[in-house]
Every structure is written in C-alpha cells, then in structure tokens.
>>> print(open('data04.csv').read())   # CSV, C-alpha atoms
chain,number,residue,atom,x,y,z
M,1,MET,CA,0.0,0.0,0.0
M,2,SER,CA,1.4,3.4,-1.0
M,3,SER,CA,1.9,6.2,1.6
M,4,ALA,CA,0.2,9.5,1.5
M,5,ALA,CA,3.5,11.1,0.5
M,6,GLU,CA,3.8,8.7,-2.5
M,7,ARG,CA,0.2,9.3,-3.6
M,8,ARG,CA,0.7,13.0,-3.4
M,9,GLN,CA,3.9,12.9,-5.4
M,10,LYS,CA,2.2,10.8,-8.1
M,11,ILE,CA,-0.6,13.3,-8.4
M,12,LEU,CA,1.9,16.2,-8.6
M,13,ASP,CA,3.7,14.3,-11.3
M,14,GLU,CA,0.4,13.9,-13.2
M,15,ILE,CA,-0.5,17.5,-12.8
M,16,ALA,CA,3.0,18.5,-14.2
M,17,ALA,CA,2.6,16.1,-17.1
M,18,ALA,CA,-0.8,17.5,-18.0
M,19,ALA,CA,0.5,21.1,-17.7
M,20,ARG,CA,3.4,20.4,-20.0
M,21,LEU,CA,1.1,19.0,-22.6
M,22,ALA,CA,-0.9,22.2,-22.4
M,23,ARG,CA,2.2,24.3,-22.5
M,24,ARG,CA,1.5,25.6,-19.0
M,25,ASP,CA,3.7,26.1,-16.0
M,26,PRO,CA,3.0,23.4,-13.4
M,27,GLY,CA,4.0,25.9,-10.7
M,28,HIS,CA,0.8,27.9,-11.4
M,29,ILE,CA,-1.5,25.0,-10.4
M,30,GLU,CA,-2.2,24.3,-6.7
M,31,LEU,CA,-3.2,20.9,-5.3
M,32,ILE,CA,-5.9,21.2,-2.7
M,33,ALA,CA,-6.1,18.0,-0.5
M,34,VAL,CA,-9.8,17.4,0.2
M,35,SER,CA,-9.5,16.4,3.8
M,36,LYS,CA,-13.2,16.1,4.9
M,37,THR,CA,-13.8,12.9,7.0
M,38,ARG,CA,-10.0,12.3,7.2
M,39,SER,CA,-8.2,12.2,10.6
M,40,ALA,CA,-5.7,14.6,12.0
M,41,GLU,CA,-3.1,11.9,11.6
M,42,ASP,CA,-3.9,11.8,7.8
M,43,MET,CA,-3.3,15.5,7.7
M,44,GLU,CA,0.0,15.4,9.5
M,45,ALA,CA,1.3,12.8,7.1
M,46,LEU,CA,0.5,15.0,4.1
M,47,ILE,CA,1.9,18.1,5.9
M,48,ALA,CA,5.1,16.2,6.5
M,49,ALA,CA,5.2,15.5,2.8
M,50,GLY,CA,5.0,19.2,1.9
M,51,GLN,CA,1.2,19.6,1.4
M,52,ARG,CA,0.0,23.1,2.5
M,53,ASP,CA,-3.5,23.5,1.0
M,54,PHE,CA,-6.4,21.6,2.4
M,55,GLY,CA,-10.2,21.6,1.6
M,56,GLU,CA,-13.1,21.0,4.0
M,57,SER,CA,-16.9,21.1,3.4
M,58,ARG,CA,-18.2,20.6,7.0
M,59,VAL,CA,-17.8,23.5,9.3
M,60,GLN,CA,-18.2,21.7,12.6
M,61,GLU,CA,-15.8,18.9,11.5
M,62,ALA,CA,-13.2,21.5,10.5
M,63,LEU,CA,-13.6,23.4,13.7
M,64,GLY,CA,-13.0,20.2,15.7
M,65,LYS,CA,-9.9,19.2,13.7
M,66,TRP,CA,-8.0,22.1,12.4
M,67,PRO,CA,-7.3,24.7,15.2
M,68,ALA,CA,-4.8,22.3,16.9
M,69,ILE,CA,-3.1,21.5,13.6
M,70,LEU,CA,-2.9,25.1,12.6
M,71,ALA,CA,-1.3,25.9,15.9
M,72,ARG,CA,1.6,23.6,14.9
M,73,HIS,CA,1.7,24.4,11.2
M,74,GLN,CA,1.0,28.1,10.5
M,75,ALA,CA,1.8,27.9,6.8
M,76,ILE,CA,-1.3,25.9,6.1
M,77,ARG,CA,-4.1,27.4,3.9
M,78,LEU,CA,-7.6,26.1,4.5
M,79,HIS,CA,-10.1,26.1,1.6
M,80,TRP,CA,-13.9,25.9,2.1
M,81,ILE,CA,-15.2,23.8,-0.8
M,82,GLY,CA,-18.8,23.0,0.3
M,83,ARG,CA,-22.0,25.0,0.0
M,84,LEU,CA,-22.0,27.7,2.6
M,85,GLN,CA,-25.0,28.9,4.5
M,86,SER,CA,-25.0,32.6,5.4
M,87,ASN,CA,-25.4,31.8,9.1
M,88,LYS,CA,-22.1,30.0,9.0
M,89,ALA,CA,-20.3,32.9,7.4
M,90,GLY,CA,-18.7,34.0,10.7
M,91,GLU,CA,-17.2,30.6,11.4
M,92,ALA,CA,-16.0,30.3,7.8
M,93,VAL,CA,-14.3,33.7,7.8
M,94,ARG,CA,-12.4,32.9,11.1
M,95,LEU,CA,-11.1,29.5,9.9
M,96,PHE,CA,-10.8,29.5,6.1
M,97,ASP,CA,-8.4,31.4,3.9
M,98,VAL,CA,-10.2,30.7,0.7
M,99,ILE,CA,-13.9,30.1,0.0
M,100,HIS,CA,-14.8,28.3,-3.2
M,101,SER,CA,-18.6,28.5,-3.2
M,102,LEU,CA,-19.7,32.1,-3.3
M,103,ASP,CA,-22.9,31.9,-5.3
M,104,ARG,CA,-25.1,34.8,-4.3
M,105,THR,CA,-24.9,38.5,-3.3
M,106,SER,CA,-26.5,37.8,0.2
M,107,LEU,CA,-23.5,35.6,0.9
M,108,ILE,CA,-21.1,38.4,-0.1
M,109,GLU,CA,-22.9,40.7,2.4
M,110,ALA,CA,-22.7,38.1,5.2
M,111,LEU,CA,-19.0,37.4,4.6
M,112,VAL,CA,-18.1,41.1,4.5
M,113,ARG,CA,-20.0,41.7,7.7
M,114,GLU,CA,-18.1,38.9,9.5
M,115,ALA,CA,-14.8,39.7,7.8
M,116,ASP,CA,-15.1,43.3,9.1
M,117,LYS,CA,-15.6,42.0,12.6
M,118,ALA,CA,-12.7,39.5,12.4
M,119,GLY,CA,-10.3,41.8,10.5
M,120,ARG,CA,-9.7,38.9,8.1
M,121,PHE,CA,-10.9,38.8,4.5
M,122,PRO,CA,-10.8,35.4,2.8
M,123,ALA,CA,-10.4,35.2,-1.0
M,124,VAL,CA,-13.5,33.9,-2.8
M,125,TYR,CA,-14.2,31.9,-5.9
M,126,VAL,CA,-17.6,32.5,-7.6
M,127,GLN,CA,-19.2,29.1,-8.0
M,128,VAL,CA,-20.9,28.6,-11.3
M,129,ASN,CA,-23.7,26.0,-11.9
M,130,ILE,CA,-21.9,25.0,-15.1
M,131,GLY,CA,-24.3,22.2,-15.9
M,132,GLU,CA,-27.4,24.2,-15.0
M,133,GLU,CA,-28.5,21.5,-12.6
M,134,GLU,CA,-31.4,22.3,-10.3
M,135,GLN,CA,-30.0,20.5,-7.3
M,136,LYS,CA,-26.5,21.8,-7.5
M,137,GLY,CA,-25.1,25.0,-5.9
M,138,GLY,CA,-23.6,27.8,-7.9
M,139,CYS,CA,-24.9,30.9,-9.7
M,140,ALA,CA,-26.7,30.7,-13.1
M,141,LEU,CA,-24.5,31.2,-16.2
M,142,GLY,CA,-26.2,34.5,-16.8
M,143,GLU,CA,-25.5,35.8,-13.3
M,144,VAL,CA,-21.7,35.3,-13.4
M,145,GLY,CA,-20.8,38.8,-14.5
M,146,ALA,CA,-22.9,40.6,-11.9
M,147,LEU,CA,-21.6,38.4,-9.1
M,148,VAL,CA,-18.0,38.8,-10.2
M,149,GLU,CA,-18.4,42.6,-10.2
M,150,ALA,CA,-20.1,42.5,-6.8
M,151,VAL,CA,-17.1,40.7,-5.4
M,152,ARG,CA,-14.8,43.2,-7.1
M,153,ALA,CA,-16.7,46.0,-5.4
M,154,SER,CA,-16.3,44.4,-2.0
M,155,PRO,CA,-13.2,44.0,0.2
M,156,LEU,CA,-13.1,40.3,-0.5
M,157,PRO,CA,-10.3,39.3,-2.9
M,158,LEU,CA,-11.6,37.6,-6.0
M,159,ALA,CA,-9.7,34.3,-6.5
M,160,GLY,CA,-11.6,33.2,-9.6
M,161,LEU,CA,-14.4,30.9,-10.7
M,162,MET,CA,-15.2,27.4,-9.5
M,163,ALA,CA,-17.4,24.7,-11.0
M,164,ILE,CA,-18.3,21.0,-10.6
M,165,PRO,CA,-19.4,19.3,-13.9
M,166,PRO,CA,-22.5,17.1,-13.9
M,167,LEU,CA,-21.9,13.6,-12.7
M,168,GLY,CA,-21.8,11.0,-15.4
M,169,LEU,CA,-21.0,13.4,-18.3
M,170,GLU,CA,-17.7,14.0,-20.0
M,171,PRO,CA,-16.2,16.9,-17.9
M,172,ALA,CA,-14.0,18.5,-20.5
M,173,PRO,CA,-16.7,20.6,-22.3
M,174,PHE,CA,-17.7,22.0,-18.9
M,175,PHE,CA,-14.1,22.9,-18.0
M,176,ALA,CA,-13.7,24.5,-21.4
M,177,LEU,CA,-16.9,26.5,-20.9
M,178,LEU,CA,-15.8,27.7,-17.4
M,179,ALA,CA,-12.5,28.8,-18.9
M,180,LYS,CA,-14.3,30.7,-21.6
M,181,ILE,CA,-16.6,32.5,-19.1
M,182,ALA,CA,-13.5,33.4,-17.0
M,183,ARG,CA,-11.8,35.0,-20.1
M,184,GLU,CA,-15.0,36.9,-20.9
M,185,HIS,CA,-14.9,38.5,-17.4
M,186,GLY,CA,-11.2,39.0,-17.0
M,187,VAL,CA,-10.9,36.3,-14.4
M,188,GLU,CA,-7.7,34.2,-14.1
M,189,GLY,CA,-8.3,31.7,-11.3
M,190,LEU,CA,-10.1,28.4,-12.1
M,191,SER,CA,-10.9,26.0,-9.3
M,192,MET,CA,-12.0,22.9,-11.2
M,193,GLY,CA,-11.1,19.2,-11.4
M,194,MET,CA,-11.2,16.4,-8.8
M,195,SER,CA,-9.8,12.9,-8.3
M,196,SER,CA,-11.2,11.5,-11.5
M,197,ASP,CA,-10.8,14.4,-13.9
M,198,PHE,CA,-8.0,16.7,-12.6
M,199,ARG,CA,-5.7,15.9,-15.6
M,200,SER,CA,-8.4,17.1,-18.0
M,201,ALA,CA,-9.0,20.2,-15.9
M,202,VAL,CA,-5.3,21.1,-15.8
M,203,MET,CA,-5.1,20.8,-19.6
M,204,LEU,CA,-8.1,23.2,-19.9
M,205,GLY,CA,-6.8,25.9,-17.5
M,206,ALA,CA,-7.3,24.9,-13.9
M,207,THR,CA,-5.3,26.8,-11.4
M,208,ALA,CA,-6.5,24.8,-8.4
M,209,VAL,CA,-7.6,21.1,-8.4
M,210,ARG,CA,-9.4,19.6,-5.4
M,211,VAL,CA,-8.3,16.0,-4.9
M,212,GLY,CA,-9.5,13.7,-2.1
M,213,THR,CA,-9.9,10.0,-2.9
M,214,ALA,CA,-6.8,9.7,-5.1
M,215,LEU,CA,-4.7,11.2,-2.2
M,216,PHE,CA,-6.0,8.9,0.6
M,217,GLU,CA,-7.0,5.6,-1.1
M,218,ASP,CA,-5.1,3.2,-3.3
>>> encode(input="data04.csv", output="structure tokens")
Amino acid sequence: MSSAAERRQKILDEIAAAARLARRDPGHIELIAVSKTRSAEDMEALIAAGQRDFGESRVQEALGKWPAILARHQAIRLHWIGRLQSNKAGEAVRLFDVIHSLDRTSLIEALVREADKAGRFPAVYVQVNIGEEEQKGGCALGEVGALVEAVRASPLPLAGLMAIPPLGLEPAPFFALLAKIAREHGVEGLSMGMSSDFRSAVMLGATAVRVGTALFED
C-alpha cells in the first residue's frame, strides 16, 4: 500500500505532465487536498510530505480538527469547498483562507460583515452552476458577470471561478466553458477538477484542483 506522500507525489507528477502537454507552468497549479472525513493523523502525514493547501466542506468537523493542527503548522491554507449557509459565514471567515462556493450576493454581504468583525478577508471563488442542474449549488450562467463585479466592489479578494461538472457526463466541455466564461470576465483563477478528472481540468486551464480520494486511497 502506498503512503500519503507517495500518492501526493504521483498526483503532482500527473499535474505536471498534463500542464506540460498544455504548455503551462505546473507551478501555477495548486493541489488542494480534500480532507473532509479524514483524521488529523492523515493531515499530519501530508503536511510532513509538503502539502500546504487543504479543503473542507463541513464547518463543525473542520472546527474540531484544524485549530490544533494550525497551531503547529502556521503555513497551512484552508479552503472551504462546500455549500455555505449565510449563518455559517462567521465561522467560515475565522477559519478559512479561501472560499470556493460564493454563489449569491447575500452571501457576499454576510461574509463582508463577518470579515469586518474579524479583520480577516478570505479570498473567494464565484461558484458557477456550469451544468445548469437544479439540485447543485452555484450561480446561473447569466449571473456570473454581476456576481464577479459584486465581489470586485467588495473588500473580499476575487480568487476566480469554481465549478463541478454534472456527474456521469464528460467533464472536459464544462471545464472549457468555465475557462471561456472566465476569459470573458477577465478572471484568471479556475478551481476545477477532482480525483477522477483533474488531468483534463489542468489541460483546460485549472489553477486549483481539489483532490480527495486519489490522495487517501489506493
């Protein structure tokens, strides 16, 4: 059975190979280890291997796990990658450095209120409902421009756009569409690609990939 460090290196090698095929600099692509449901021991193994970016999608789980780890490893960056309720904005602002699921103006307002109180302003990705799925989070395609401008008018740094393609469909066209939308709005960051499709995402412009299963399971 391979170690967390070995799995991480394999993924980094695959990211680099995909980037080179697309004539991109692998150094411009960050690997986010999706650590939800994983233990503090799992995190420590990856941190020892050099991993610095971690993603969570359950506020209470993250609050129970990360403060002690962060006290030991201050260079860690935590990413919120789940849907975020406005009433959890305060906890999110205090713990997370980057939020990948900004999808409505009311959430901008909640985050700004809490960020003002905390004196801490996390960067945000505007989440796009790229497959126009009723049950999935993210703003509608026609709302991207207005939401991007609303973030730009706020004190929250705009990290880019995020999307999750529909399950069961070829993801590449959706990655390409997100990249096109980003270009139209002058946005550079693209959070897209997970364990099963991060190679394709890298070739189509991802600047951040969110990988869980491939990091923790053989």
>>> residues_around(input="data04.csv", residues="segment 26-35 of chain M", least_positions_apart="3", cutoff="9 Å", atoms="all atoms listed in the file", output="PyMOL selection string")
chain M and resi 8+11-12+15-20+38-39+42-43+46+51-57+78-79+81+202+205-213+215-216
>>> residues_near_point(input="data04.csv", point="(-19.6, 30.0, -3.0)", cutoff="7 Å", atoms="only C-alpha atoms", output="mmCIF file with C-alpha atoms, in the frame of the given file")
data_model
loop_
_atom_site.group_PDB
_atom_site.id
_atom_site.type_symbol
_atom_site.label_atom_id
_atom_site.label_comp_id
_atom_site.auth_asym_id
_atom_site.auth_seq_id
_atom_site.Cartn_x
_atom_site.Cartn_y
_atom_site.Cartn_z
ATOM 1 C CA ARG M 83 -22.000 25.000 0.000
ATOM 2 C CA LEU M 84 -22.000 27.700 2.600
ATOM 3 C CA ILE M 99 -13.900 30.100 0.000
ATOM 4 C CA HIS M 100 -14.800 28.300 -3.200
ATOM 5 C CA SER M 101 -18.600 28.500 -3.200
ATOM 6 C CA LEU M 102 -19.700 32.100 -3.300
ATOM 7 C CA ASP M 103 -22.900 31.900 -5.300
ATOM 8 C CA TYR M 125 -14.200 31.900 -5.900
ATOM 9 C CA VAL M 126 -17.600 32.500 -7.600
ATOM 10 C CA GLN M 127 -19.200 29.100 -8.000
ATOM 11 C CA GLY M 138 -23.600 27.800 -7.900
#
>>> closest_residue(input="data04.csv", among="M:Gly90, M:Gly131, M:Gly186, M:Gly50", to="His73 of chain M", atoms="all atoms listed in the file")
M:Gly50
>>> closest_residue(input="data04.csv", among="M:Leu147, M:Ala118, M:Leu190, M:Ile181", to="Leu161 of chain M", atoms="all atoms listed in the file")
M:Leu190
>>> residues_near_point(input="data04.csv", point="(-19.2, 21.7, 12.9)", cutoff="12 Å", atoms="all atoms listed in the file", output="PDB file with C-alpha atoms, keeping the file's coordinate frame")
ATOM      1  CA  LYS M  36     -13.200  16.100   4.900  1.00  0.00           C
ATOM      2  CA  THR M  37     -13.800  12.900   7.000  1.00  0.00           C
ATOM      3  CA  GLU M  56     -13.100  21.000   4.000  1.00  0.00           C
ATOM      4  CA  SER M  57     -16.900  21.100   3.400  1.00  0.00           C
ATOM      5  CA  ARG M  58     -18.200  20.600   7.000  1.00  0.00           C
ATOM      6  CA  VAL M  59     -17.800  23.500   9.300  1.00  0.00           C
ATOM      7  CA  GLN M  60     -18.200  21.700  12.600  1.00  0.00           C
ATOM      8  CA  GLU M  61     -15.800  18.900  11.500  1.00  0.00           C
ATOM      9  CA  ALA M  62     -13.200  21.500  10.500  1.00  0.00           C
ATOM     10  CA  LEU M  63     -13.600  23.400  13.700  1.00  0.00           C
ATOM     11  CA  GLY M  64     -13.000  20.200  15.700  1.00  0.00           C
ATOM     12  CA  LYS M  65      -9.900  19.200  13.700  1.00  0.00           C
ATOM     13  CA  TRP M  66      -8.000  22.100  12.400  1.00  0.00           C
ATOM     14  CA  LYS M  88     -22.100  30.000   9.000  1.00  0.00           C
ATOM     15  CA  GLU M  91     -17.200  30.600  11.400  1.00  0.00           C
ATOM     16  CA  ALA M  92     -16.000  30.300   7.800  1.00  0.00           C
ATOM     17  CA  LEU M  95     -11.100  29.500   9.900  1.00  0.00           C
TER      18      LEU M  95
END
>>> closest_residue(input="data04.csv", among="M:Met162, M:Leu156, M:Ala146, M:Leu167", to="Arg120 of chain M", atoms="all atoms listed in the file")
M:Leu156
>>> atom_distance(input="data04.csv", atom1="atom CA of Leu107 of chain M", atom2="atom CA of Asn87 of chain M")
9.2 Å
>>> residues_around(input="data04.csv", residues="Asn129 of chain M", least_positions_apart="2", cutoff="8 Å", atoms="all atoms listed in the file", output="number ranges by chain")
M: 127, 131-133, 136-141, 163-164
>>> closest_residue(input="data04.csv", among="M:Pro171, M:Arg72, M:Ser106, M:Arg23", to="Met194 of chain M", atoms="all atoms listed in the file")
M:Pro171
>>> atom_distance(input="data04.csv", atom1="atom CA of Ala22 of chain M", atom2="atom CA of Ile76 of chain M")
28.7 Å
>>> atom_distance(input="data04.csv", atom1="atom CA of Ala150 of chain M", atom2="atom CA of Asp97 of chain M")
19.4 Å
>>> axis_aligned_box(input="data04.csv", around="segment 48-62 of chain M", padding_each_side="4 Å", output="AutoDock Vina command-line options")
--center_x -6.5 --center_y 19.5 --center_z 6.8 --size_x 31.4 --size_y 16.0 --size_z 19.6
>>> build_atoms(input="data04.csv", residues="segment 96-108 of chain M", atoms="N, CA and C atoms", output="PDB file, in the coordinates of the input")
ATOM      1  N   PHE M  96     -11.235  29.817   7.503  1.00  0.00           N
ATOM      2  CA  PHE M  96     -10.800  29.500   6.100  1.00  0.00           C
ATOM      3  C   PHE M  96     -10.124  30.706   5.466  1.00  0.00           C
ATOM      4  N   ASP M  97      -9.121  30.386   4.677  1.00  0.00           N
ATOM      5  CA  ASP M  97      -8.400  31.400   3.900  1.00  0.00           C
ATOM      6  C   ASP M  97      -8.993  31.657   2.553  1.00  0.00           C
ATOM      7  N   VAL M  98      -9.649  30.640   1.993  1.00  0.00           N
ATOM      8  CA  VAL M  98     -10.200  30.700   0.700  1.00  0.00           C
ATOM      9  C   VAL M  98     -11.600  30.051   0.692  1.00  0.00           C
ATOM     10  N   ILE M  99     -12.599  30.662   0.080  1.00  0.00           N
ATOM     11  CA  ILE M  99     -13.900  30.100   0.000  1.00  0.00           C
ATOM     12  C   ILE M  99     -14.269  29.872  -1.483  1.00  0.00           C
ATOM     13  N   HIS M 100     -14.595  28.621  -1.832  1.00  0.00           N
ATOM     14  CA  HIS M 100     -14.800  28.300  -3.200  1.00  0.00           C
ATOM     15  C   HIS M 100     -16.225  28.243  -3.689  1.00  0.00           C
ATOM     16  N   SER M 101     -17.150  28.661  -2.849  1.00  0.00           N
ATOM     17  CA  SER M 101     -18.600  28.500  -3.200  1.00  0.00           C
ATOM     18  C   SER M 101     -19.418  29.705  -2.994  1.00  0.00           C
ATOM     19  N   LEU M 102     -18.886  30.834  -3.389  1.00  0.00           N
ATOM     20  CA  LEU M 102     -19.700  32.100  -3.300  1.00  0.00           C
ATOM     21  C   LEU M 102     -20.651  32.060  -4.506  1.00  0.00           C
ATOM     22  N   ASP M 103     -21.944  32.078  -4.224  1.00  0.00           N
ATOM     23  CA  ASP M 103     -22.900  31.900  -5.300  1.00  0.00           C
ATOM     24  C   ASP M 103     -24.101  32.878  -5.260  1.00  0.00           C
ATOM     25  N   ARG M 104     -24.023  33.891  -4.370  1.00  0.00           N
ATOM     26  CA  ARG M 104     -25.100  34.800  -4.300  1.00  0.00           C
ATOM     27  C   ARG M 104     -24.693  36.096  -3.558  1.00  0.00           C
ATOM     28  N   THR M 105     -25.350  37.205  -3.860  1.00  0.00           N
ATOM     29  CA  THR M 105     -24.900  38.500  -3.300  1.00  0.00           C
ATOM     30  C   THR M 105     -25.182  38.510  -1.760  1.00  0.00           C
ATOM     31  N   SER M 106     -26.221  37.818  -1.291  1.00  0.00           N
ATOM     32  CA  SER M 106     -26.500  37.800   0.200  1.00  0.00           C
ATOM     33  C   SER M 106     -25.328  37.168   0.916  1.00  0.00           C
ATOM     34  N   LEU M 107     -24.651  36.215   0.296  1.00  0.00           N
ATOM     35  CA  LEU M 107     -23.500  35.600   0.900  1.00  0.00           C
ATOM     36  C   LEU M 107     -22.309  36.535   0.956  1.00  0.00           C
ATOM     37  N   ILE M 108     -22.144  37.326  -0.096  1.00  0.00           N
ATOM     38  CA  ILE M 108     -21.100  38.400  -0.100  1.00  0.00           C
ATOM     39  C   ILE M 108     -21.319  39.277   1.114  1.00  0.00           C
TER      40      ILE M 108
END
